[in-house]
Structure formats: structure tokens, C-alpha cells
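Q: Sharing a structure below in C-alpha cells format, with a few things to ask.
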Amino acid sequence: MSTVLARRAPVAKLAASGLLSLAVLATRDVVVLGLVLVVCLAAAPFFGIGPLSLAKRLWPVLAACAGIVVTLSLFSADRGGTTLLHFGPFLVTSSVLAASLSLALRLLALAVPAVLVFASTDPTDLADSLIQHAKAPPRFAIGALAAFRMLDLFRQEWRMIAMARRARGVRQGFARTAFVLLVGAIRRGVRLSVAMDARGFDSGLARTVARPQRFGAADSGLILGALVLAVFAFFLGTQ
Amino acid sequence: MIKLSGFGWRHAGRRAWAVRGVDLHIEAGERVLLLGPSGAGKSTLLQAIAGLMPSDSGESEGELAVEAKVGIVFQDPQSQLVMSRAGDEVAFGLENLAWPRSRIWPRVEEILKNVGFGYPLDRRTDALSGGEQQRLVLAGALAPEPGLLLLDEPTANLDPAGTSLVREALSTVDTLVLVEHRIEPFLDLITRVVVLSPGGGVRFDGPRSVLSGPIGTQLASEGVWVPGRPLPHLPAATGPGETLAAYGNFSVRRGEALVVTGPNGSGKTTLALTLGGLRPPAAGTVVTAWGDRPHRWRARVLASRIGSVFQNPEHQFVTSSVRSELALGGTPPERVAELLMRLRLDHLAQANPFTLSGGEARRLSVATALAARPRLLILDEPTFGQDRRTWVELVNLLASLRDEGHGILAMTHDPSVVHALADRTVAL
């Protein structure tokens, strides 16, 4: 994680991605959405994320995009424009294609910046940056960090509970498995918060910071760059 | 350093006092072993001394004066670690106490060296073994230089190797109060033994030699692992019968107790799940007396042939009362009654399984695995974290099941299980 954009302050990355999301939500123009997407994809190597790793993280989104195109070509009420393809129930016209393309691009243009930010950011750095740069309460940032650490435990626990249910002779039930997981998670959460209290967390004292995070000109630059792109996209899209 | 006179604590909404009538003075340099049957209020007392009982969470009586900074370590390292890197974990407590940054990192390095933590500061905490994690938790508690360290069953979740890591690290601590079931590894460290009465008050307070006398005998019968007390030895009365399940060069037979040993991470759980038909084998085929490939059987069929008992009993509970837990899948009422009686759960028939104590939950998990009368019973760390009394009950039960013609396969890192039960042992 030593590429130029990966090294930026996590808060700056979050802000940049947030600005782009706002611009993307404000437009349905295919050209504008494509522009934002192309810029983000071009920035990916500077976040230290290769095309393969990006595709791997994006596959659920790509699947959703394919779903949008298929669904709209089957069920869309607006079938104007010229007919491009008519095969059984599939009637693809130019307006159907434009609508589904715009939706799919919008989804991608929202997802790619978020993936770039979270794939290139260490959760501990994110919490530190939130506390030091965005003045987030440590109770929230550190608490979320501790909870995040437990996600992997919960994944393992889920598999164990599912197997234990099979051993009992009952079928896998999502709700019940989730309930057992939740009971365990709450107990674990209570124990963790007692342990954190015991170490003086959130005791009213002003915490010091063991890992100072830098916020420099380059970080402001990233936000500024995203702002310029967002404003440009916004005006281009609403013209 | 610590003075309790007539101290008591009652949790909000409870009628009974969790702990009551405790008179206790602890001075610097003392290493106290705090004993008592489960329910005597040991954990409550530790938390009260650590200042973790906010006044709105219950009611106190008597006096509690703590003239020292206090650190505390609990049982499960996984629910004490906050950060994902080892150095950050130790620094966390120092940040909370507003230590200046220039002093934090030198102190982190110093304390990690003192407890014998041999990894770099950026070591991922989730890549550590349980024993190493607990050693890190200990470093985190010791970093702010507490005058007194409290330990609430710090090794109950660890294998013998992990326990000795914690034991080594503790020898650097001057003043401590330790609550633990398995006390043998810590005895040479201890200067004083305090025994709480379940009815309130301190039953005994004195040197550790008390454990070899009548009080030691009584503690052993109440569940404390007092060293030097004999454990049952229960070899099979007859030879083993036909093979019930086999995988690779590994087989379990009818009427025998096979014990598989090995440290955490040696693959005991994977082997138990594979033989139990709960996951497909990595290679080869599982062959059983009822046909091949148990992982493809329907769940109902599997449960009537092979019973599995998981390390965490709660994972197996699927209903909201002990009775319906046993009746699940159409177990006849007389079988349910028999199991309730046999595992001493009859007084808890209406209780919610998630509210049971550790020993009760373990007994119920064994009972549920037996409900559909499987011939083969596979248990993953059945004695993990159990007190001596539950342990003896469990071993007796498994021996009698074996003598009735069941095949028993137990995965464990507990050497006493091997001695008490094993007709055959395999080390992974």
C-alpha cells in the first residue's frame, strides 16, 4: 500500500468518494456517468489495485448490472425508439437500452470509488483518521473498529452453527442460525465492552494518539480533484 | 492496598446477593488465589475491585477501598482484543489513560518484552494462537503499570501450551488475585489462598498448604481442580466390536473409546467434522457401518447414526426449552424423560438452553446428541473449560455409554481424558 493515492489520508479518500457519489446520483446521462467511471478506473492503479483484484471485488455489482439489463429488457413499460432485438419475450429497443445502460453505469460509478477507498485503506488507519481529522468521537470510531475485527469470527461461527444444526438432524434455517449467532454476538460484545472499560476507554479523559496521521497538501489535492470532477459532471449532466 | 469489610454486591433486579460479607485485606507483594464453588461470587468480586460495577447496575453494602491502579484479564482473549495489530493493542490502554506519545511506544516495547511476546509490533492479532493472544491481553493490562492485577480464569480457554505461556508471563507480576479452576500450574506462584463460601463470607484465608488438607478435599468435590486428588480410570470391560466409521487409516469401533489428542490447530476439529458427516473429506472417502459418504446423508438420517457434540454447546441449541431441545425430531417422551434424568437436567426441563451454566449446557449438548440413539458419538473438546465435578460426571457418562456398546470418539488436548477414558489414543 505505497502507491500515491493509497497513501492519502483515509478521510480525504472518503470525502473524494462521497463527492463523486453526489454527482453520480444527480445525473442519468450516460456520457457523464461513463466519464466518472473512466476517471475512477484510470485512478485504480494509483490506489494500488490491479484490474483483476478490482473485478474480483466488483463481481456482485457486475452481476447486479447484468440483472438490470435483463430485467428492463423483459419488463420495461417504455418500449419506444427503434427495435434492436426481438427474440421471444426479449424486446430490446433503443430507449430500453439507454435506460438500462444508464442505471447499470450509475451503479458502477457509485461502487467503483467506494471499492477503491475501502480496498486501499487499513481499518485502523481509517479509525485513526476519522478521530484525528474528522473529529469523530473515539467511542464510535474505535467501537466500530473493534466490531469490524469480529466480522471474521462471526463468519466462522456461522459455519459452525450451520454444521451443528445438521448434526442435530434439522435443516439449515437462516432465521434460527442468525438468532444463535446474534445471542453469541451480544454476549461477546458485552464482554468486549467491559474489557474496554477496564482499560480506561471512554472514561472522560482526553485520549492521546499513538499513531499520528498526516493530512497534507496532497490530501487536500485529492479532495479538490474529486470536487472539480464532481462539479464538471454535475453541470455536464444537467445541461 | 485493598480493604474489603463486610462487602456485598447484589445485581439490579436480583433477589440474592452475588457476594456478601467479605472481609479481606490484600497488601502489595501478595499473590492471592481466590477459590470457591461456582456461584460463590468470585467474578463479581473481581469486577467490583476493578471498579467495573457502576453504582446504577446494582446495590452494594459494606466497604470497598482500593488504593492502587488495577488491571484485569478475563477468560476469552477473542473478546478482549480491540485492535488488529499487536503493538496497537497494548498502546490502546495507554492512549485511553492519556499517556504522552513519546512514552507510549517505548513502554509498549518494554512490556511486550517482559511478558515474552516474541513477535513484531505489526503482527496481526487474529493470526496469533489463543495462548499468544492471552499473553498480549496480559501485556495490555500491565502496560499502564497497575499496582494490582486481577485475573478471572485467564487460562480456561487455552490448551496446555497456551496455559504455560500465560503462566510464564505471570511470574513477572508482583501483586495479583487469580480466579482459576485448573490451579496446578499456578501453585508455586501463589502466596495465599482465599476461599469464598457460597452462602457469603470467607471460608478460609491462609497459606496454600491448606489445599492438601480437608478444605482441599471439599474444594475438589465442589469442582476445583485441587492437585493430587485421584481421577477415575475407566477402561472398557470388553474388547471392541465391529468398525462404525473409518476415514483413511483412522477407524472407530463399537464399544471402544478412541481419544485423539493434539494441540489447538492440529486438525482435531476438522477430523471430527469429517467423520461426523458434517463436511466433505479433503481427500478419500468416509466409510461407515451404514454406508459411505455420511456428508451426503439427510440431516435426520445422520443424527440417528452419528451424534456430534460441538466444542461450543450453544451452537447446537435450536429450540427455546431444554425439554423441546430433546424432543426435537420426534424423540419419544419416555426417551426424553430418561435423558433428562440421566444427565440431571430434569429440574431444568423448562429452562431456556441459552440461560444454562457452562456445565449444564455441556450436559444438554451431550443429551441432544444421544436423543436419536446414534451408535457413534463424536465429541470435540468435551471437557473444555469444565470444572472438576462436571468433568468427572462427563467421563463417567462416556464410559458407561461405551460399555453399553456405543463407539466414542473424543478430540481433546486434556491429558486427563486420555488417562481416564482412552482404550486407544491417536496423537495428531
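FYI, nothing fancy with the C-alpha cells labels: chains A, B, ... in order, residues from 1 per chain, ligands from 1 as they appear.
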Identify, on the basis of only C-alpha atoms, every residue whose closest approach to Trp290 in chain B does not exceed 12 Å; exclude the query and any residue fewer than 6 positions from it along the same chain; express the result as an MDAnalysis selection string.
A: chainID B and resid 242:246 277 297 301:302 304:306 374:376
Q: Tell me which protein, DNA and RNA residues are within 12 Å of Ile161 in chain A, counting only C-alpha atoms, leaving out same-chain ones fewer than 6 positions away, and put them as a PyMOL selection string.
A: (chain A and resi 154-155+167-168+170-184) or (chain B and resi 278+309-318)
Q: With N, CA and C atoms retained, write the just-selected residues as an mmCIF file, in the first residue's frame.
A:
data_model
loop_
_atom_site.group_PDB
_atom_site.id
_atom_site.type_symbol
_atom_site.label_atom_id
_atom_site.label_comp_id
_atom_site.auth_asym_id
_atom_site.auth_seq_id
_atom_site.Cartn_x
_atom_site.Cartn_y
_atom_site.Cartn_z
ATOM 1 N N PHE A 154 -17.411 -14.013 13.236
ATOM 2 C CA PHE A 154 -18.817 -14.334 13.007
ATOM 3 C C PHE A 154 -18.984 -15.240 11.792
ATOM 4 N N ARG A 155 -18.136 -15.019 10.773
ATOM 5 C CA ARG A 155 -18.198 -15.892 9.601
ATOM 6 C C ARG A 155 -17.913 -17.341 10.002
ATOM 7 N N ALA A 167 -26.001 -31.596 12.475
ATOM 8 C CA ALA A 167 -25.728 -32.695 13.405
ATOM 9 C C ALA A 167 -26.960 -32.995 14.261
ATOM 10 N N ARG A 168 -27.777 -31.981 14.523
ATOM 11 C CA ARG A 168 -28.987 -32.181 15.322
ATOM 12 C C ARG A 168 -30.120 -32.772 14.484
ATOM 13 N N VAL A 170 -31.659 -31.219 11.922
ATOM 14 C CA VAL A 170 -32.594 -30.224 11.391
ATOM 15 C C VAL A 170 -31.979 -29.554 10.174
ATOM 16 N N ARG A 171 -32.876 -29.038 9.304
ATOM 17 C CA ARG A 171 -32.396 -28.384 8.098
ATOM 18 C C ARG A 171 -31.828 -27.014 8.444
ATOM 19 N N GLN A 172 -31.000 -26.490 7.541
ATOM 20 C CA GLN A 172 -30.427 -25.169 7.741
ATOM 21 C C GLN A 172 -31.559 -24.159 7.744
ATOM 22 N N GLY A 173 -31.696 -23.410 8.812
ATOM 23 C CA GLY A 173 -32.702 -22.359 8.827
ATOM 24 C C GLY A 173 -32.006 -21.033 9.023
ATOM 25 N N PHE A 174 -32.222 -20.109 8.095
ATOM 26 C CA PHE A 174 -31.494 -18.846 8.162
ATOM 27 C C PHE A 174 -31.804 -18.106 9.465
ATOM 28 N N ALA A 175 -33.112 -17.998 9.788
ATOM 29 C CA ALA A 175 -33.516 -17.179 10.932
ATOM 30 C C ALA A 175 -32.933 -17.733 12.228
ATOM 31 N N ARG A 176 -32.994 -19.057 12.387
ATOM 32 C CA ARG A 176 -32.537 -19.639 13.642
ATOM 33 C C ARG A 176 -31.007 -19.569 13.764
ATOM 34 N N THR A 177 -30.327 -19.819 12.648
ATOM 35 C CA THR A 177 -28.868 -19.702 12.659
ATOM 36 C C THR A 177 -28.478 -18.271 13.030
ATOM 37 N N ALA A 178 -29.202 -17.318 12.432
ATOM 38 C CA ALA A 178 -28.915 -15.919 12.720
ATOM 39 C C ALA A 178 -29.177 -15.610 14.189
ATOM 40 N N PHE A 179 -30.241 -16.215 14.752
ATOM 41 C CA PHE A 179 -30.562 -15.969 16.157
ATOM 42 C C PHE A 179 -29.436 -16.456 17.062
ATOM 43 N N VAL A 180 -28.966 -17.686 16.809
ATOM 44 C CA VAL A 180 -27.890 -18.240 17.643
ATOM 45 C C VAL A 180 -26.640 -17.374 17.515
ATOM 46 N N LEU A 181 -26.360 -16.932 16.291
ATOM 47 C CA LEU A 181 -25.205 -16.071 16.069
ATOM 48 C C LEU A 181 -25.360 -14.765 16.845
ATOM 49 N N LEU A 182 -26.581 -14.226 16.828
ATOM 50 C CA LEU A 182 -26.840 -12.956 17.490
ATOM 51 C C LEU A 182 -26.663 -13.074 19.002
ATOM 52 N N VAL A 183 -27.191 -14.171 19.583
ATOM 53 C CA VAL A 183 -27.035 -14.376 21.026
ATOM 54 C C VAL A 183 -25.549 -14.364 21.384
ATOM 55 N N GLY A 184 -24.756 -15.113 20.602
ATOM 56 C CA GLY A 184 -23.319 -15.158 20.848
ATOM 57 C C GLY A 184 -22.673 -13.800 20.654
ATOM 58 N N LEU B 278 -20.286 -33.967 8.612
ATOM 59 C CA LEU B 278 -20.709 -32.570 8.613
ATOM 60 C C LEU B 278 -19.971 -31.742 7.578
ATOM 61 N N VAL B 309 -21.042 -33.770 19.185
ATOM 62 C CA VAL B 309 -21.120 -32.777 20.255
ATOM 63 C C VAL B 309 -20.049 -31.738 19.973
ATOM 64 N N PHE B 310 -20.474 -30.486 19.804
ATOM 65 C CA PHE B 310 -19.556 -29.424 19.409
ATOM 66 C C PHE B 310 -18.849 -28.817 20.605
ATOM 67 N N GLN B 311 -17.714 -28.181 20.309
ATOM 68 C CA GLN B 311 -16.946 -27.548 21.364
ATOM 69 C C GLN B 311 -17.769 -26.497 22.100
ATOM 70 N N ASN B 312 -18.496 -25.685 21.356
ATOM 71 C CA ASN B 312 -19.379 -24.700 21.978
ATOM 72 C C ASN B 312 -20.795 -25.253 21.994
ATOM 73 N N PRO B 313 -21.306 -25.648 23.176
ATOM 74 C CA PRO B 313 -22.617 -26.307 23.236
ATOM 75 C C PRO B 313 -23.732 -25.454 22.633
ATOM 76 N N GLU B 314 -23.630 -24.124 22.797
ATOM 77 C CA GLU B 314 -24.732 -23.265 22.368
ATOM 78 C C GLU B 314 -24.977 -23.318 20.863
ATOM 79 N N HIS B 315 -23.937 -23.651 20.101
ATOM 80 C CA HIS B 315 -24.125 -23.751 18.655
ATOM 81 C C HIS B 315 -25.169 -24.791 18.289
ATOM 82 N N GLN B 316 -25.396 -25.761 19.177
ATOM 83 C CA GLN B 316 -26.267 -26.881 18.842
ATOM 84 C C GLN B 316 -27.702 -26.669 19.266
ATOM 85 N N PHE B 317 -27.981 -25.615 20.013
ATOM 86 C CA PHE B 317 -29.325 -25.459 20.550
ATOM 87 C C PHE B 317 -30.237 -24.808 19.521
ATOM 88 N N VAL B 318 -31.397 -25.434 19.280
ATOM 89 C CA VAL B 318 -32.260 -24.937 18.210
ATOM 90 C C VAL B 318 -33.664 -24.607 18.698
#
Q: Could you work out which residues of chain B fall inside 8 Å of chain A? Count only C-alpha atoms, and format the result as an mmCIF file with C-alpha atoms, in the first residue's frame.
A:
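Saved as part.cif:
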data_model
loop_
_atom_site.group_PDB
_atom_site.id
_atom_site.type_symbol
_atom_site.label_atom_id
_atom_site.label_comp_id
_atom_site.auth_asym_id
_atom_site.auth_seq_id
_atom_site.Cartn_x
_atom_site.Cartn_y
_atom_site.Cartn_z
ATOM 1 C CA ALA B 50 -11.640 -3.406 39.286
ATOM 2 C CA GLY B 51 -14.297 -0.681 39.526
ATOM 3 C CA LEU B 52 -16.388 -2.218 36.758
ATOM 4 C CA GLY B 71 -5.677 -4.148 35.710
ATOM 5 C CA ILE B 72 -7.932 -7.076 34.867
ATOM 6 C CA VAL B 73 -7.714 -10.014 32.452
ATOM 7 C CA PHE B 74 -10.723 -12.158 31.526
ATOM 8 C CA SER B 79 -13.491 -10.828 23.322
ATOM 9 C CA GLN B 80 -10.785 -8.676 24.906
ATOM 10 C CA LEU B 81 -8.662 -7.753 21.903
ATOM 11 C CA VAL B 82 -9.665 -4.418 20.400
ATOM 12 C CA MET B 83 -7.089 -3.680 17.733
ATOM 13 C CA SER B 84 -5.857 -5.703 14.794
ATOM 14 C CA ASP B 88 -1.669 -1.008 18.771
ATOM 15 C CA ALA B 91 -0.962 1.145 23.096
ATOM 16 C CA GLY B 93 -4.898 1.313 27.070
ATOM 17 C CA GLU B 95 -3.935 6.217 24.846
ATOM 18 C CA ASN B 96 -7.072 5.926 26.973
ATOM 19 C CA LEU B 97 -5.099 6.945 30.058
ATOM 20 C CA ALA B 98 -3.674 9.928 28.140
ATOM 21 C CA TRP B 99 -0.039 8.851 28.177
ATOM 22 C CA PRO B 100 2.067 11.201 26.017
ATOM 23 C CA ARG B 101 3.030 9.637 22.674
ATOM 24 C CA ILE B 104 3.744 5.093 24.725
ATOM 25 C CA TRP B 105 5.904 3.210 22.219
ATOM 26 C CA ALA B 141 -3.366 -4.881 31.192
ATOM 27 C CA GLY B 276 -19.304 -36.869 11.722
ATOM 28 C CA LEU B 278 -20.709 -32.570 8.613
ATOM 29 C CA ARG B 279 -18.206 -31.607 5.950
ATOM 30 C CA ARG B 298 -30.099 -36.278 5.034
ATOM 31 C CA ALA B 299 -29.722 -34.495 8.367
ATOM 32 C CA ARG B 300 -32.375 -36.656 10.103
ATOM 33 C CA VAL B 301 -30.702 -39.867 8.974
ATOM 34 C CA LEU B 302 -27.275 -38.615 10.014
ATOM 35 C CA ALA B 303 -28.439 -37.697 13.525
ATOM 36 C CA SER B 304 -29.827 -41.216 14.084
ATOM 37 C CA GLY B 307 -24.123 -37.960 17.143
ATOM 38 C CA SER B 308 -21.794 -34.946 17.215
ATOM 39 C CA PHE B 310 -19.556 -29.424 19.409
ATOM 40 C CA GLU B 314 -24.732 -23.265 22.368
ATOM 41 C CA HIS B 315 -24.125 -23.751 18.655
ATOM 42 C CA GLN B 316 -26.267 -26.881 18.842
ATOM 43 C CA PHE B 317 -29.325 -25.459 20.550
ATOM 44 C CA VAL B 318 -32.260 -24.937 18.210
ATOM 45 C CA GLY B 329 -37.233 -34.662 15.651
ATOM 46 C CA THR B 368 -29.294 -33.859 22.488
ATOM 47 C CA ALA B 369 -26.684 -35.840 20.546
#
Q: Separation of CA of His133 in chain A and CA of Leu136 in chain B, in Å?
A: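 One can read the CA of His133 in chain A to CA of Leu136 in chain B distance as 29.3 Å.
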Q: Write out as a PDB file with C-alpha atoms, in the first residue's frame the set of residues from range 50-228 of chain A that DSSP, computed on the backbone, places in strand (DSSP E).
A:
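After the write, out_35.pdb holds the following:
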ATOM      1  CA  THR A  83     -36.208  -2.074 -32.184  1.00  0.00           C
ATOM      2  CA  LEU A  84     -32.731  -3.504 -31.855  1.00  0.00           C
ATOM      3  CA  LEU A  85     -33.503  -7.100 -30.925  1.00  0.00           C
ATOM      4  CA  HIS A  86     -36.719  -9.073 -30.709  1.00  0.00           C
ATOM      5  CA  PHE A  87     -36.388 -12.641 -29.570  1.00  0.00           C
ATOM      6  CA  PHE A  90     -36.953 -10.083 -25.164  1.00  0.00           C
ATOM      7  CA  LEU A  91     -37.763  -6.829 -26.877  1.00  0.00           C
ATOM      8  CA  VAL A  92     -34.791  -4.511 -26.773  1.00  0.00           C
ATOM      9  CA  THR A  93     -35.398  -1.065 -28.163  1.00  0.00           C
TER      10      THR A  93
END
Q: Hey, what's within 12 Å of Val70 in chain A if we count only C-alpha atoms and toss same-chain stuff fewer than 6 positions away? As a VMD selection string, please?
A: chain A and resid 63 to 64 76 89 to 92 96 to 97 99 to 101 104
Q: Determine, counting only C-alpha atoms, which protein, DNA and RNA residues have an atom within 6 Å of an atom of range 195-209 of chain B; residues of the same chain fewer than 3 positions away are not included. Present the result as a ChimeraX atom specification.
A: /B:20-22,34-36,40,192,212
